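Asker: Have a look at the structure that comes next, please.
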Amino acid sequence: MTDRSPPPTSGNALDRVVIVLHETQDLVNIAGTIRAMTNMGVFRLRLVRPREFSEYRISGIAHQAGPVLDSLEIHDSLDEALSDAVWVIGTSARRRSANRNYGRPRELTQEMVERATDGTVAIVFGREDRGLDNEALDRCDRIVIIPTDARFTSLNLAQAVLVLCWELSMHVGDTDRALPEGRRATRAATRGEMEHMFGALEQGLHRIDFFKAREPEAVLRTIRTILSRAELDRRESRLLAAIGFEIGNWIDRNVPAPPPQDEEKDSRSDDE
Ligand code: SAH
């Protein structure tokens with residue numbers, strides 16, 4: 001067994017999850033597994049009797065394999081690889097004849113995360129040609145079957161790892177992982193701010209004579225409908241209000257005032 005530097009942390013239950021690949025035959029699947037794990041923030045990998053292993057070749061296949069490879073362990077037996085695990089999940093493409101505790105990924109991720117507070121939770125994946133044998137399945141507290149089309153139940157090994165890691169990461173990630181902050185960096189616009197904005201837009205549209213042949217009330221209602229659907233935040237409502245006001249300001253600065261007219265009729269329409 002080799003044991004090297006500690007893996008990077010995700011700061012949540014994923015740090016206690018270990019992926020165990022049992023007797024993997026194809027090195028490409030080890031590389032694919034590492035990539036899937038890294039993407040989902042799971043970094044602890046143990047290999048049990050891999051048929052072929054080369055860090056160099058894996059690094060050439062899997063982008064950014066370093067964090068997983070640096071802490072990778074290789075074991076001679078499944079028992080050794082699982083010795084510190086408080087809960088072991090096996091994976092299988094199909095139900096076997098023996099009665100076992102089967103579950104679907106989403107049903108079991110909740111419990112995996114809870115068990116991970118007690119210690120290491122291991123998820124074991126079988127060989128590409130035969131899956132996990134009975135001896136290996138006997139060591140598992142639960143068996144996960146990823147639901148598939150009934151005619152094509154066997155996933156590629158690395159893709160099966162991805163599905164499990166994805167489910168786990170979604171489970172912990174909802175609360176732990178911040179989405180990129182953008183438009184919600186500020187609070188939602190208040191009713192008052194929205195009315196201020198609509199007023200400004202209406203005024204600006206009047207200034208460019210937008211309503212000439214149109215029904216102002218209907219146009220303004222449509223604008224309200226569109227902008228309500230957009231769920232504007234405060235910054236966005238201010239930006240739109242500024243557009244409305246700046247139309248008027250630009251006209252005041254750049255368009256010469258019309259010569260005084262005989263009638264006292266205002267050239268600006270204040271109609272609704
Ligand atoms: N021929 C084997 C399939 C092996 S696929 C069999 O019939 O069991 C290699 C590994 O990928 C499996 O051991 C399991 O760990 C994982 N795997 C593949 N399909 C899966 C599925 N539908 N659900 C859960 N794990 C799966």
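By order of appearance in the structure tokens: chains A, B, ..., then residues from 1 within every chain, and ligands from 1 in the order shown.
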List as a compact mmCIF listing (two decimals) with N, CA and C atoms, in the first residue's frame the protein and nucleic acid residues near range 128-143 of chain A, meaning an atom at most 7 Å away when only C-alpha atoms are counted, but skip any in the same chain fewer than 6 places from it.
Answerer:
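Result written to part01.txt:
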# COMPACT_ATOMS: atom_id res chain seq x y z
N THR A 24 -9.77 -2.92 -11.14
CA THR A 24 -10.04 -2.27 -12.42
C THR A 24 -9.08 -2.79 -13.48
N GLN A 25 -9.63 -3.07 -14.66
CA GLN A 25 -8.85 -3.70 -15.71
C GLN A 25 -8.20 -2.67 -16.65
N TRP A 87 -19.03 2.90 6.86
CA TRP A 87 -20.18 2.51 6.04
C TRP A 87 -19.68 2.25 4.64
N VAL A 88 -20.12 1.14 4.06
CA VAL A 88 -19.62 0.76 2.73
C VAL A 88 -20.80 0.59 1.77
N ILE A 89 -20.72 1.28 0.66
CA ILE A 89 -21.73 1.19 -0.39
C ILE A 89 -21.11 0.44 -1.56
N GLY A 90 -21.75 -0.62 -2.00
CA GLY A 90 -21.32 -1.29 -3.22
C GLY A 90 -22.12 -0.75 -4.38
N THR A 91 -21.67 -0.98 -5.59
CA THR A 91 -22.42 -0.52 -6.75
C THR A 91 -22.58 -1.70 -7.70
N SER A 92 -23.73 -1.76 -8.33
CA SER A 92 -23.97 -2.87 -9.24
C SER A 92 -24.90 -2.44 -10.36
N ASN A 101 -29.36 -5.33 0.39
CA ASN A 101 -29.98 -4.03 0.65
C ASN A 101 -29.75 -3.09 -0.53
N TYR A 102 -30.67 -3.14 -1.46
CA TYR A 102 -30.51 -2.31 -2.65
C TYR A 102 -31.11 -0.92 -2.44
N GLY A 103 -30.56 0.06 -3.14
CA GLY A 103 -31.14 1.41 -3.11
C GLY A 103 -30.71 2.17 -4.34
N LEU A 157 -17.59 2.29 -16.17
CA LEU A 157 -17.16 2.44 -14.78
C LEU A 157 -17.00 3.90 -14.34
Asker: Mind dumping a table of every chain A residue within 9 Å of ligand 1, with the nearest atom pair and its distance in Å to one decimal, using only C-alpha atoms and all ligand atoms, sorted by chain and rising number, as a Markdown table?
Answerer:
| residue | atom | partner | partner_atom_place_in_ligand_line | distance |
| --- | --- | --- | --- | --- |
| A:Leu21 | CA | ligand 1 | 15 (O) | 7.9 |
| A:His22 | CA | ligand 1 | 13 (O) | 8.3 |
| A:Thr24 | CA | ligand 1 | 9 (C) | 8.4 |
| A:Gly90 | CA | ligand 1 | 15 (O) | 7.1 |
| A:Thr91 | CA | ligand 1 | 25 (N) | 4.3 |
| A:Ser92 | CA | ligand 1 | 25 (N) | 4.1 |
| A:Ala93 | CA | ligand 1 | 21 (C) | 3.5 |
| A:Arg94 | CA | ligand 1 | 8 (O) | 6.1 |
| A:Arg95 | CA | ligand 1 | 8 (O) | 8.7 |
| A:Arg96 | CA | ligand 1 | 8 (O) | 8.8 |
| A:Arg104 | CA | ligand 1 | 23 (N) | 8.4 |
| A:Pro105 | CA | ligand 1 | 24 (C) | 8.4 |
| A:Ile123 | CA | ligand 1 | 15 (O) | 8.7 |
| A:Val124 | CA | ligand 1 | 15 (O) | 6.4 |
| A:Phe125 | CA | ligand 1 | 15 (O) | 3.3 |
| A:Gly126 | CA | ligand 1 | 13 (O) | 3.2 |
| A:Arg127 | CA | ligand 1 | 9 (C) | 5.0 |
| A:Glu128 | CA | ligand 1 | 9 (C) | 4.0 |
| A:Asp129 | CA | ligand 1 | 1 (N) | 4.8 |
| A:Arg130 | CA | ligand 1 | 2 (C) | 4.3 |
| A:Gly131 | CA | ligand 1 | 13 (O) | 3.2 |
| A:Leu132 | CA | ligand 1 | 13 (O) | 5.1 |
| A:Asp133 | CA | ligand 1 | 8 (O) | 8.6 |
| A:Ile143 | CA | ligand 1 | 24 (C) | 8.2 |
| A:Val144 | CA | ligand 1 | 24 (C) | 5.6 |
| A:Ile145 | CA | ligand 1 | 23 (N) | 3.8 |
| A:Ile146 | CA | ligand 1 | 23 (N) | 3.6 |
| A:Pro147 | CA | ligand 1 | 22 (N) | 5.8 |
| A:Thr148 | CA | ligand 1 | 22 (N) | 6.1 |
| A:Phe152 | CA | ligand 1 | 22 (N) | 8.4 |
| A:Thr153 | CA | ligand 1 | 22 (N) | 4.9 |
| A:Ser154 | CA | ligand 1 | 19 (N) | 3.8 |
| A:Leu155 | CA | ligand 1 | 19 (N) | 3.7 |
| A:Asn156 | CA | ligand 1 | 18 (C) | 5.7 |
| A:Leu157 | CA | ligand 1 | 11 (O) | 3.8 |
| A:Ala158 | CA | ligand 1 | 11 (O) | 7.2 |
| A:Gln159 | CA | ligand 1 | 11 (O) | 7.8 |
| A:Ala160 | CA | ligand 1 | 17 (N) | 5.1 |
| A:Val161 | CA | ligand 1 | 16 (C) | 7.2 |
| A:Val163 | CA | ligand 1 | 24 (C) | 8.7 |
| A:Leu164 | CA | ligand 1 | 24 (C) | 8.4 |
Asker: Could you pull the residues within 12 Å of Ser228 in chain A, counting only C-alpha atoms, minus those fewer than 3 positions along the same chain, as a VMD selection string?
Answerer: chain A and resid 188 to 191 194 to 195 197 to 198 221 to 225 231 to 233 236 to 237
Asker: Which residues, written as a count of residues only, have at least one atom at most 12 Å from Val17 in chain A, with only C-alpha atoms counted and residues fewer than 4 positions away on the same chain left out?
Answerer: 40
Asker: May I ask for the distance between CA of Ile251 in chain A and CA of Leu205 in chain A, given in Å to one decimal place?
Answerer: 11.7 Å
Asker: Please return, as a ChimeraX atom specification, all residues of range 7-204 of chain A that DSSP assigns to strand (DSSP E or B) on the basis of the backbone.
Answerer: /A:17-22,44-48,73-75,85-91,102-103,120-125,127,131,142-144,188
Asker: Quote the spacing between CA of Phe53 in chain A and CA of Leu78 in chain A in Å to one decimal place.
Answerer: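 CA of Leu78 in chain A lies 17.0 Å from CA of Phe53 in chain A.
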Asker: Kindly give the distance, in Å, that separates CA of Arg234 in chain A and CA of Thr186 in chain A, rounded to a single decimal.
Answerer: 6.4 Å
Asker: At a cut-off of 10 Å, using only C-alpha atoms, what residues contact Glu52 in chain A? Leave out same-chain residues fewer than 2 positions from it and give the result as a list in words.
Answerer: Glu23, Thr24, Gln25, Asp26, Leu27, Val28, Ile30, Arg49, Pro50 and Ser54 of chain A
